Amino acid sequence: MTKQAFGKSLRLLTSSDFQVVFDHAPVRASHNHFLILARFNALDHPRLGLVIGKKHVRLAHERNRLKRHIRETFRLRQQSLRGLDVIVVARKGMGELSNPQLISQLTQQWQRIERRAQQQSAHDTSAQGD
RNA sequence: GGAGUCGGCUCGGCAGUCGCUUCAGUGCUCAGGCAAGGCUCUGGCUUUGUCGCGGUAUUGGGGAGGAAAGUCCGGGCUCCAUAGGGCAGAGCGCCAGGUAACACCUGGGGGGCGUGAGCUCACGGAAAGUGCAGCAGAAAGGAAACCGCCUAAGCGAUUGGCUUCGGUCGAUCGACGGUAAGGGUGAAAAGGUGCGGUAAGAGCGCACCGCGCAGCUGGUAACAGUCUGCGGCGAUGGUAAACCCCGCUCGGAGCAAGACCAAAUAGGAACCCAUAGGUGCGGCCCGCAUCGGGUUCGGGUAGGUCGCUAGAGGUGUACGGUGACGUGCAUCCCAGAUGAAUGACUGUCCUCGACAGGACCCGGCUUACAGGCUGACUCCAUUU
RNA sequence: UGGGGCGUAGCCAAGCGGUAAGGCAGCGGGUUUUGAUCCCGUCAUGCGAAGGUUCGAAUCCUUCCGCCCCAG
């Protein structure tokens, strides 16, 4: 039951949190409507940050809709994103996506992030082992 | 029944699962405070009780809009001086009222539109002054005469009769004379129609309509009138969203205002005294503050807390008022986030769901918008 | 969220009540053996959009649209 909660601890809260991820994000997934940046943290849970610019999505209720869906998809697969700080950046045209399109594209990109994070951590541990 | 006008309300419903935020209660944990006791080298250490920031779990409440929007006006609130004086500048503009205030609202007047219910209008002043009107046109403002019309008087030319040779009576022509009817230009050329009048014409005269001024009456007033009198009306053309005049209103910035706690970092901050000069306070001046000197120690970025929601508040009711609204009483508490919350999924029903998301708060205006419910009224048709 | 500014041809722009200058680019032509230079002509719809004031609006007023900047 507690596995799928989404409280304050699962979010990036300060601009320094954001800056750390922007400065060095080894895991990335790019899509032509949005971009996901991720970096390992020292915690046993993931954290999410959102950057939805007014430039790219003009209307406030559209921005809210995007944020809700991003948070929802993140919430439902937070177990597999364990140990990552993630930022989702909106690009132009994201607001034109319908809800089903948005959800399918988001889940695709989350899967890519998970695979790359696994590869990365496997590489790190083997390197440490050597 | 059809067509239409003006309002008011509402913004998918229900069930289940997983989530977000806030408030309250409870359990656990815990920075720390307080009280009492014990030990002690008088620094402290420790036990119990109690309060309890924060975290977490759980239970139960609350959780976007009519436009939350544009930021176009008006306020509250905060700081700047207590928000003051003058100039400059800006806004508003039929009248009366409502209001915290307004550019809003209500009622009334006037113009325009509609058969009507109704709708609509930045609607003070051009008889204080300055300016503007390209092109066209003769002329664009207290003017002028291009074409045209006229030849009565007067003037000039030619000429005839009469003559006492001074003139006098005619004819024809002219425009240097008269005219503003008509033509033409323009957005605009200075009352209209008819009759009279005249050489031709003209408010030149008259009638009716229109206009202006004064009075009277009604109305708080704007204004109105089958009212009375006067004025022929080239008095007084248009433009003030041109300058301007008149009347009224306005100090500036904004919650990223501002107050408090407070790592880092830099050296300053508070109080008293002095006030020439510099700087700041809204554009300027007045005015005020500060820089300067002395004395005393705290100051403040990241971050956090407050401001932050009980209010010109909602609902009901009684009374006053044509109404906007006001007053009294009763009752209710109805978002308060801060990397920023109302969602997702499943099922189901229907009329298949528009525009769209609070960020200090209110009152308006404007713009966007799929529907649904409902009240009052108008016109047309028809039935009984 | 609050505050401020700007929209004139493909680009850079002047004009701010009276038929919208100018430059670059483009197109057509001329000069030249060819090219560059130079000369001439051209850009039917254009003043961000819609209303209003005015005889007349890019210009004045109102509302809307788009873009940019500043304040953490």
# chains A, B, ... in the order shown; residues from 1 in each chain; ligands from 1
call {"tool": "select_by_dssp", "arguments": {"residues": "chain A", "states": "helix (DSSP H, G or I)", "output": "PyMOL selection string"}}
result
chain A and resi 2-4+8-10+15-23+60-76+94-96+99-129
call {"tool": "residues_around", "arguments": {"residues": "stretch 5-10 of chain C", "least_positions_apart": "2", "cutoff": "8 Å", "atoms": "only C-alpha atoms (C1' of nucleotides)", "output": "VMD selection string"}}
result
chain C and resid 25 43 46 to 48 58 67 to 69
call {"tool": "closest_atom_pairs", "arguments": {"of": "chain A", "to": "chain B", "cutoff": "8 Å", "atoms": "only C-alpha atoms (C1' of nucleotides)", "output": "JSON lines"}}
result
{"residue": "A:Gln4", "atom": "CA", "partner": "B:C18", "partner_atom": "C1'", "distance": 7.7}
{"residue": "A:Ala5", "atom": "CA", "partner": "B:G19", "partner_atom": "C1'", "distance": 6.4}
{"residue": "A:Phe6", "atom": "CA", "partner": "B:G19", "partner_atom": "C1'", "distance": 7.0}
{"residue": "A:Gly7", "atom": "CA", "partner": "B:C20", "partner_atom": "C1'", "distance": 7.8}
{"residue": "A:Leu12", "atom": "CA", "partner": "B:G339", "partner_atom": "C1'", "distance": 6.7}
{"residue": "A:Leu13", "atom": "CA", "partner": "B:G339", "partner_atom": "C1'", "distance": 5.4}
{"residue": "A:Thr14", "atom": "CA", "partner": "B:G339", "partner_atom": "C1'", "distance": 6.6}
{"residue": "A:Ser15", "atom": "CA", "partner": "B:G339", "partner_atom": "C1'", "distance": 7.6}
{"residue": "A:Gly49", "atom": "CA", "partner": "B:G339", "partner_atom": "C1'", "distance": 6.6}
{"residue": "A:Leu50", "atom": "CA", "partner": "B:G339", "partner_atom": "C1'", "distance": 6.9}
{"residue": "A:Ala60", "atom": "CA", "partner": "B:G357", "partner_atom": "C1'", "distance": 6.2}
{"residue": "A:His61", "atom": "CA", "partner": "B:G357", "partner_atom": "C1'", "distance": 5.3}
{"residue": "A:Asn64", "atom": "CA", "partner": "B:G357", "partner_atom": "C1'", "distance": 7.7}
{"residue": "A:Arg68", "atom": "CA", "partner": "B:G343", "partner_atom": "C1'", "distance": 6.3}
{"residue": "A:His69", "atom": "CA", "partner": "B:A344", "partner_atom": "C1'", "distance": 7.7}
{"residue": "A:Glu72", "atom": "CA", "partner": "B:A344", "partner_atom": "C1'", "distance": 6.7}
call {"tool": "write_last_selection", "arguments": {"atoms": "N, CA and C atoms", "output": "PDB file, in the first residue's frame"}}
result
ATOM      1  N   GLN A   4       3.067   2.933  -3.287  1.00  0.00           N
ATOM      2  CA  GLN A   4       2.709   3.828  -4.380  1.00  0.00           C
ATOM      3  C   GLN A   4       2.391   5.241  -3.943  1.00  0.00           C
ATOM      4  N   ALA A   5       2.696   5.562  -2.718  1.00  0.00           N
ATOM      5  CA  ALA A   5       2.448   6.933  -2.263  1.00  0.00           C
ATOM      6  C   ALA A   5       3.410   7.898  -2.947  1.00  0.00           C
ATOM      7  N   PHE A   6       3.049   9.165  -2.928  1.00  0.00           N
ATOM      8  CA  PHE A   6       3.867  10.163  -3.608  1.00  0.00           C
ATOM      9  C   PHE A   6       3.910  11.423  -2.757  1.00  0.00           C
ATOM     10  N   GLY A   7       4.720  11.372  -1.715  1.00  0.00           N
ATOM     11  CA  GLY A   7       4.781  12.507  -0.802  1.00  0.00           C
ATOM     12  C   GLY A   7       5.896  13.461  -1.155  1.00  0.00           C
ATOM     13  N   LEU A  12      11.891  16.627  -5.949  1.00  0.00           N
ATOM     14  CA  LEU A  12      13.009  17.562  -5.862  1.00  0.00           C
ATOM     15  C   LEU A  12      12.422  18.900  -5.426  1.00  0.00           C
ATOM     16  N   LEU A  13      12.966  19.475  -4.341  1.00  0.00           N
ATOM     17  CA  LEU A  13      12.300  20.610  -3.709  1.00  0.00           C
ATOM     18  C   LEU A  13      13.025  21.939  -3.885  1.00  0.00           C
ATOM     19  N   THR A  14      14.329  21.905  -3.983  1.00  0.00           N
ATOM     20  CA  THR A  14      15.049  23.186  -4.041  1.00  0.00           C
ATOM     21  C   THR A  14      15.788  23.313  -5.357  1.00  0.00           C
ATOM     22  N   SER A  15      16.174  24.549  -5.648  1.00  0.00           N
ATOM     23  CA  SER A  15      16.855  24.785  -6.911  1.00  0.00           C
ATOM     24  C   SER A  15      18.213  24.107  -6.919  1.00  0.00           C
ATOM     25  N   GLY A  49      11.396  15.768 -10.438  1.00  0.00           N
ATOM     26  CA  GLY A  49      11.248  17.217 -10.618  1.00  0.00           C
ATOM     27  C   GLY A  49      10.659  17.483 -11.980  1.00  0.00           C
ATOM     28  N   LEU A  50       9.878  18.554 -12.068  1.00  0.00           N
ATOM     29  CA  LEU A  50       9.211  18.859 -13.331  1.00  0.00           C
ATOM     30  C   LEU A  50       9.614  20.253 -13.800  1.00  0.00           C
ATOM     31  N   ALA A  60      -2.513  27.314 -18.656  1.00  0.00           N
ATOM     32  CA  ALA A  60      -2.240  26.816 -17.307  1.00  0.00           C
ATOM     33  C   ALA A  60      -2.894  25.456 -17.087  1.00  0.00           C
ATOM     34  N   HIS A  61      -4.106  25.276 -17.574  1.00  0.00           N
ATOM     35  CA  HIS A  61      -4.753  23.992 -17.307  1.00  0.00           C
ATOM     36  C   HIS A  61      -4.095  22.870 -18.097  1.00  0.00           C
ATOM     37  N   ASN A  64      -1.075  21.893 -16.029  1.00  0.00           N
ATOM     38  CA  ASN A  64      -1.525  21.055 -14.915  1.00  0.00           C
ATOM     39  C   ASN A  64      -1.773  19.632 -15.375  1.00  0.00           C
ATOM     40  N   ARG A  68       0.161  16.285 -13.945  1.00  0.00           N
ATOM     41  CA  ARG A  68      -0.595  15.216 -13.289  1.00  0.00           C
ATOM     42  C   ARG A  68      -0.264  13.864 -13.907  1.00  0.00           C
ATOM     43  N   HIS A  69      -0.213  13.830 -15.227  1.00  0.00           N
ATOM     44  CA  HIS A  69       0.057  12.545 -15.863  1.00  0.00           C
ATOM     45  C   HIS A  69       1.484  12.103 -15.632  1.00  0.00           C
ATOM     46  N   GLU A  72       1.663  10.840 -12.152  1.00  0.00           N
ATOM     47  CA  GLU A  72       0.924   9.591 -12.001  1.00  0.00           C
ATOM     48  C   GLU A  72       1.746   8.413 -12.524  1.00  0.00           C
TER      49      GLU A  72
END
call {"tool": "residues_around", "arguments": {"residues": "A:Gly93", "least_positions_apart": "6", "cutoff": "12 Å", "atoms": "only C-alpha atoms (C1' of nucleotides)", "output": "ChimeraX atom specification"}}
result
/A:31-34,52-58,62-63,66,102
call {"tool": "write_last_selection", "arguments": {"atoms": "C-alpha atoms", "output": "CSV table (one decimal), in the first residue's frame"}}
result
chain,number,residue,atom,x,y,z
A,31,HIS,CA,11.9,12.4,-27.0
A,32,ASN,CA,10.7,15.1,-29.4
A,33,HIS,CA,8.0,16.3,-27.0
A,34,PHE,CA,9.9,16.0,-23.8
A,52,ILE,CA,7.1,22.7,-17.7
A,53,GLY,CA,7.8,26.1,-19.3
A,54,LYS,CA,5.2,28.6,-20.2
A,55,LYS,CA,7.0,29.0,-23.5
A,56,HIS,CA,6.3,25.5,-24.5
A,57,VAL,CA,2.8,25.0,-23.0
A,58,ARG,CA,0.8,28.2,-23.0
A,62,GLU,CA,-2.7,22.2,-20.0
A,63,ARG,CA,0.4,22.5,-17.8
A,66,LEU,CA,0.8,17.3,-18.1
A,102,LEU,CA,0.9,11.0,-23.4
call {"tool": "atom_distance", "arguments": {"atom1": "atom CA of A:Glu96", "atom2": "atom CA of A:Val21"}}
result
27.3 Å
call {"tool": "residues_around", "arguments": {"residues": "stretch 111-120 of chain A", "least_positions_apart": "4", "cutoff": "10 Å", "atoms": "only C-alpha atoms (C1' of nucleotides)", "output": "PyMOL selection string"}}
result
chain A and resi 26-30+36-40+77+80-84+86+106-107+124-125
call {"tool": "residues_around", "arguments": {"residues": "C:C60", "least_positions_apart": "2", "cutoff": "10 Å", "atoms": "only C-alpha atoms (C1' of nucleotides)", "output": "mmCIF file with C-alpha atoms (C1' of nucleotides), in the first residue's frame"}}
result
data_model
loop_
_atom_site.group_PDB
_atom_site.id
_atom_site.type_symbol
_atom_site.label_atom_id
_atom_site.label_comp_id
_atom_site.auth_asym_id
_atom_site.auth_seq_id
_atom_site.Cartn_x
_atom_site.Cartn_y
_atom_site.Cartn_z
ATOM 1 C "C1'" A B 241 -10.861 60.868 -29.158
ATOM 2 C "C1'" A B 242 -6.425 69.380 -32.062
ATOM 3 C "C1'" C C 16 2.909 60.299 -36.395
ATOM 4 C "C1'" G C 17 -3.977 63.693 -39.273
ATOM 5 C "C1'" U C 53 -13.829 59.918 -33.591
ATOM 6 C "C1'" U C 54 -12.965 62.768 -38.190
ATOM 7 C "C1'" A C 57 -6.514 57.495 -39.508
#
call {"tool": "residues_around", "arguments": {"residues": "C:G15", "least_positions_apart": "4", "cutoff": "9 Å", "atoms": "only C-alpha atoms (C1' of nucleotides)", "output": "NGL selection string"}}
result
:C and (20-21 or 58-59)
call {"tool": "atom_distance", "arguments": {"atom1": "atom C1' of B:U367", "atom2": "atom C1' of B:A67"}}
result
9.4 Å
call {"tool": "residues_around", "arguments": {"residues": "B:C6", "least_positions_apart": "3", "cutoff": "12 Å", "atoms": "only C-alpha atoms (C1' of nucleotides)", "output": "MDAnalysis selection string"}}
result
chainID B and resid 117:119 375:378
call {"tool": "write_last_selection", "arguments": {"atoms": "N, CA and C atoms (P, O5', C5', C4', C3', O3' and C1' of nucleotides)", "output": "JSON list (two decimals), in the first residue's frame"}}
result
[["chain", "number", "residue", "atom", "x", "y", "z"],
["B", 117, "A", "P", -41.93, 49.12, -26.28],
["B", 117, "A", "O5'", -41.59, 47.73, -25.58],
["B", 117, "A", "C5'", -42.50, 47.18, -24.62],
["B", 117, "A", "C4'", -42.04, 45.80, -24.19],
["B", 117, "A", "C3'", -40.64, 45.78, -23.58],
["B", 117, "A", "O3'", -40.70, 46.03, -22.19],
["B", 117, "A", "C1'", -40.83, 44.09, -25.24],
["B", 118, "G", "P", -39.60, 46.94, -21.51],
["B", 118, "G", "O5'", -38.28, 46.10, -21.76],
["B", 118, "G", "C5'", -37.03, 46.74, -22.01],
["B", 118, "G", "C4'", -36.38, 46.13, -23.23],
["B", 118, "G", "C3'", -35.04, 46.74, -23.59],
["B", 118, "G", "O3'", -34.00, 46.14, -22.85],
["B", 118, "G", "C1'", -36.40, 46.70, -25.50],
["B", 119, "C", "P", -32.77, 47.05, -22.34],
["B", 119, "C", "O5'", -31.92, 47.26, -23.68],
["B", 119, "C", "C5'", -31.36, 46.14, -24.35],
["B", 119, "C", "C4'", -30.86, 46.54, -25.73],
["B", 119, "C", "C3'", -29.80, 47.61, -25.74],
["B", 119, "C", "O3'", -28.51, 47.07, -25.48],
["B", 119, "C", "C1'", -31.44, 48.14, -27.35],
["B", 375, "G", "P", -40.67, 28.77, -15.08],
["B", 375, "G", "O5'", -40.47, 30.32, -14.76],
["B", 375, "G", "C5'", -40.63, 30.80, -13.42],
["B", 375, "G", "C4'", -40.22, 32.25, -13.32],
["B", 375, "G", "C3'", -40.96, 33.21, -14.24],
["B", 375, "G", "O3'", -42.24, 33.56, -13.70],
["B", 375, "G", "C1'", -38.66, 33.66, -14.35],
["B", 376, "A", "P", -43.45, 33.88, -14.70],
["B", 376, "A", "O5'", -43.08, 35.34, -15.24],
["B", 376, "A", "C5'", -43.08, 36.45, -14.34],
["B", 376, "A", "C4'", -42.47, 37.67, -15.00],
["B", 376, "A", "C3'", -43.13, 38.12, -16.29],
["B", 376, "A", "O3'", -44.31, 38.87, -16.06],
["B", 376, "A", "C1'", -40.79, 38.10, -16.56],
["B", 377, "C", "P", -45.53, 38.73, -17.11],
["B", 377, "C", "O5'", -44.99, 39.49, -18.40],
["B", 377, "C", "C5'", -44.82, 40.90, -18.37],
["B", 377, "C", "C4'", -43.94, 41.36, -19.51],
["B", 377, "C", "C3'", -44.54, 41.24, -20.91],
["B", 377, "C", "O3'", -45.48, 42.27, -21.20],
["B", 377, "C", "C1'", -42.29, 40.51, -20.94],
["B", 378, "U", "P", -46.64, 41.99, -22.30],
["B", 378, "U", "O5'", -45.85, 42.13, -23.67],
["B", 378, "U", "C5'", -45.31, 43.40, -24.06],
["B", 378, "U", "C4'", -44.57, 43.27, -25.37],
["B", 378, "U", "C3'", -45.41, 42.77, -26.54],
["B", 378, "U", "O3'", -46.17, 43.82, -27.12],
["B", 378, "U", "C1'", -43.32, 41.65, -26.50]]
call {"tool": "decode", "arguments": {"residues": "stretch 227-241 of chain B", "atoms": "N, CA, C and O atoms (P, O5', C5', C4', C3', O3' and C1' of nucleotides)", "output": "short mmCIF file (atom, residue, chain, number, x, y, z; two decimals), in the first residue's frame"}}
result
data_model
loop_
_atom_site.label_atom_id
_atom_site.label_comp_id
_atom_site.auth_asym_id
_atom_site.auth_seq_id
_atom_site.Cartn_x
_atom_site.Cartn_y
_atom_site.Cartn_z
P C B 227 -47.92 76.68 -28.08
"O5'" C B 227 -48.27 76.57 -26.53
"C5'" C B 227 -49.55 76.96 -26.02
"C4'" C B 227 -49.39 77.97 -24.89
"C3'" C B 227 -48.86 79.33 -25.30
"O3'" C B 227 -49.89 80.13 -25.88
"C1'" C B 227 -47.76 78.62 -23.32
P U B 228 -49.50 81.14 -27.07
"O5'" U B 228 -48.78 82.31 -26.27
"C5'" U B 228 -49.51 83.10 -25.34
"C4'" U B 228 -48.62 84.14 -24.71
"C3'" U B 228 -47.78 84.97 -25.68
"O3'" U B 228 -48.53 85.99 -26.32
"C1'" U B 228 -46.43 84.27 -23.87
P G B 229 -48.14 86.44 -27.82
"O5'" G B 229 -46.78 87.24 -27.59
"C5'" G B 229 -46.80 88.48 -26.88
"C4'" G B 229 -45.40 88.91 -26.52
"C3'" G B 229 -44.46 89.16 -27.68
"O3'" G B 229 -44.69 90.40 -28.32
"C1'" G B 229 -43.33 87.93 -26.01
P C B 230 -44.40 90.56 -29.90
"O5'" C B 230 -42.81 90.57 -29.95
"C5'" C B 230 -42.08 91.62 -29.32
"C4'" C B 230 -40.60 91.27 -29.23
"C3'" C B 230 -39.89 91.06 -30.55
"O3'" C B 230 -39.57 92.27 -31.20
"C1'" C B 230 -39.26 89.36 -29.03
P G B 231 -39.54 92.29 -32.80
"O5'" G B 231 -38.27 91.40 -33.12
"C5'" G B 231 -36.95 91.86 -32.77
"C4'" G B 231 -35.91 90.81 -33.12
"C3'" G B 231 -35.88 90.39 -34.57
"O3'" G B 231 -35.17 91.34 -35.36
"C1'" G B 231 -35.67 88.49 -33.18
P G B 232 -35.90 92.07 -36.52
"O5'" G B 232 -36.38 90.84 -37.42
"C5'" G B 232 -36.06 90.83 -38.80
"C4'" G B 232 -35.11 89.68 -39.10
"C3'" G B 232 -34.66 89.61 -40.56
"O3'" G B 232 -33.43 88.93 -40.66
"C1'" G B 232 -35.88 87.71 -40.05
P C B 233 -32.08 89.13 -39.96
"O5'" C B 233 -32.02 87.74 -39.15
"C5'" C B 233 -30.79 87.28 -38.66
"C4'" C B 233 -30.67 85.78 -38.84
"C3'" C B 233 -30.89 85.30 -40.26
"O3'" C B 233 -29.90 84.36 -40.65
"C1'" C B 233 -32.32 84.13 -38.79
P G B 234 -29.30 84.48 -42.12
"O5'" G B 234 -27.88 85.06 -41.75
"C5'" G B 234 -26.95 84.29 -40.99
"C4'" G B 234 -25.57 84.86 -41.17
"C3'" G B 234 -25.44 86.35 -40.87
"O3'" G B 234 -24.12 86.62 -40.37
"C1'" G B 234 -24.93 85.98 -43.12
P A B 235 -23.62 85.83 -39.06
"O5'" A B 235 -24.67 86.27 -37.96
"C5'" A B 235 -24.62 87.55 -37.35
"C4'" A B 235 -25.45 87.55 -36.09
"C3'" A B 235 -24.98 86.60 -35.01
"O3'" A B 235 -23.95 87.18 -34.24
"C1'" A B 235 -27.31 86.38 -35.30
P U B 236 -22.80 86.29 -33.60
"O5'" U B 236 -22.92 84.82 -34.19
"C5'" U B 236 -21.78 83.96 -34.18
"C4'" U B 236 -22.19 82.51 -34.12
"C3'" U B 236 -22.78 81.94 -35.41
"O3'" U B 236 -22.28 80.63 -35.62
"C1'" U B 236 -24.27 81.56 -33.61
P G B 237 -20.92 80.36 -36.36
"O5'" G B 237 -21.14 79.05 -37.24
"C5'" G B 237 -22.42 78.41 -37.31
"C4'" G B 237 -22.30 77.24 -38.26
"C3'" G B 237 -21.38 76.11 -37.78
"O3'" G B 237 -22.05 75.21 -36.91
"C1'" G B 237 -20.79 76.71 -39.96
P G B 238 -21.17 74.47 -35.74
"O5'" G B 238 -20.18 73.51 -36.52
"C5'" G B 238 -20.69 72.38 -37.25
"C4'" G B 238 -19.56 71.58 -37.84
"C3'" G B 238 -18.54 71.05 -36.85
"O3'" G B 238 -19.00 69.85 -36.25
"C1'" G B 238 -17.42 72.02 -38.68
P U B 239 -18.68 69.57 -34.69
"O5'" U B 239 -17.11 69.33 -34.70
"C5'" U B 239 -16.55 68.17 -35.35
"C4'" U B 239 -15.05 68.28 -35.40
"C3'" U B 239 -14.34 68.46 -34.06
"O3'" U B 239 -14.16 67.19 -33.42
"C1'" U B 239 -13.46 69.98 -35.64
P A B 240 -14.83 66.89 -32.00
"O5'" A B 240 -13.88 67.71 -31.02
"C5'" A B 240 -12.48 67.44 -30.97
"C4'" A B 240 -11.86 68.10 -29.77
"C3'" A B 240 -12.35 67.59 -28.42
"O3'" A B 240 -11.64 66.42 -28.06
"C1'" A B 240 -12.20 69.97 -28.42
P A B 241 -12.31 65.29 -27.07
"O5'" A B 241 -11.43 64.00 -27.31
"C5'" A B 241 -10.11 64.11 -27.84
"C4'" A B 241 -9.75 62.83 -28.57
"C3'" A B 241 -9.97 62.90 -30.07
"O3'" A B 241 -8.76 63.33 -30.66
"C1'" A B 241 -10.86 60.87 -29.16
#
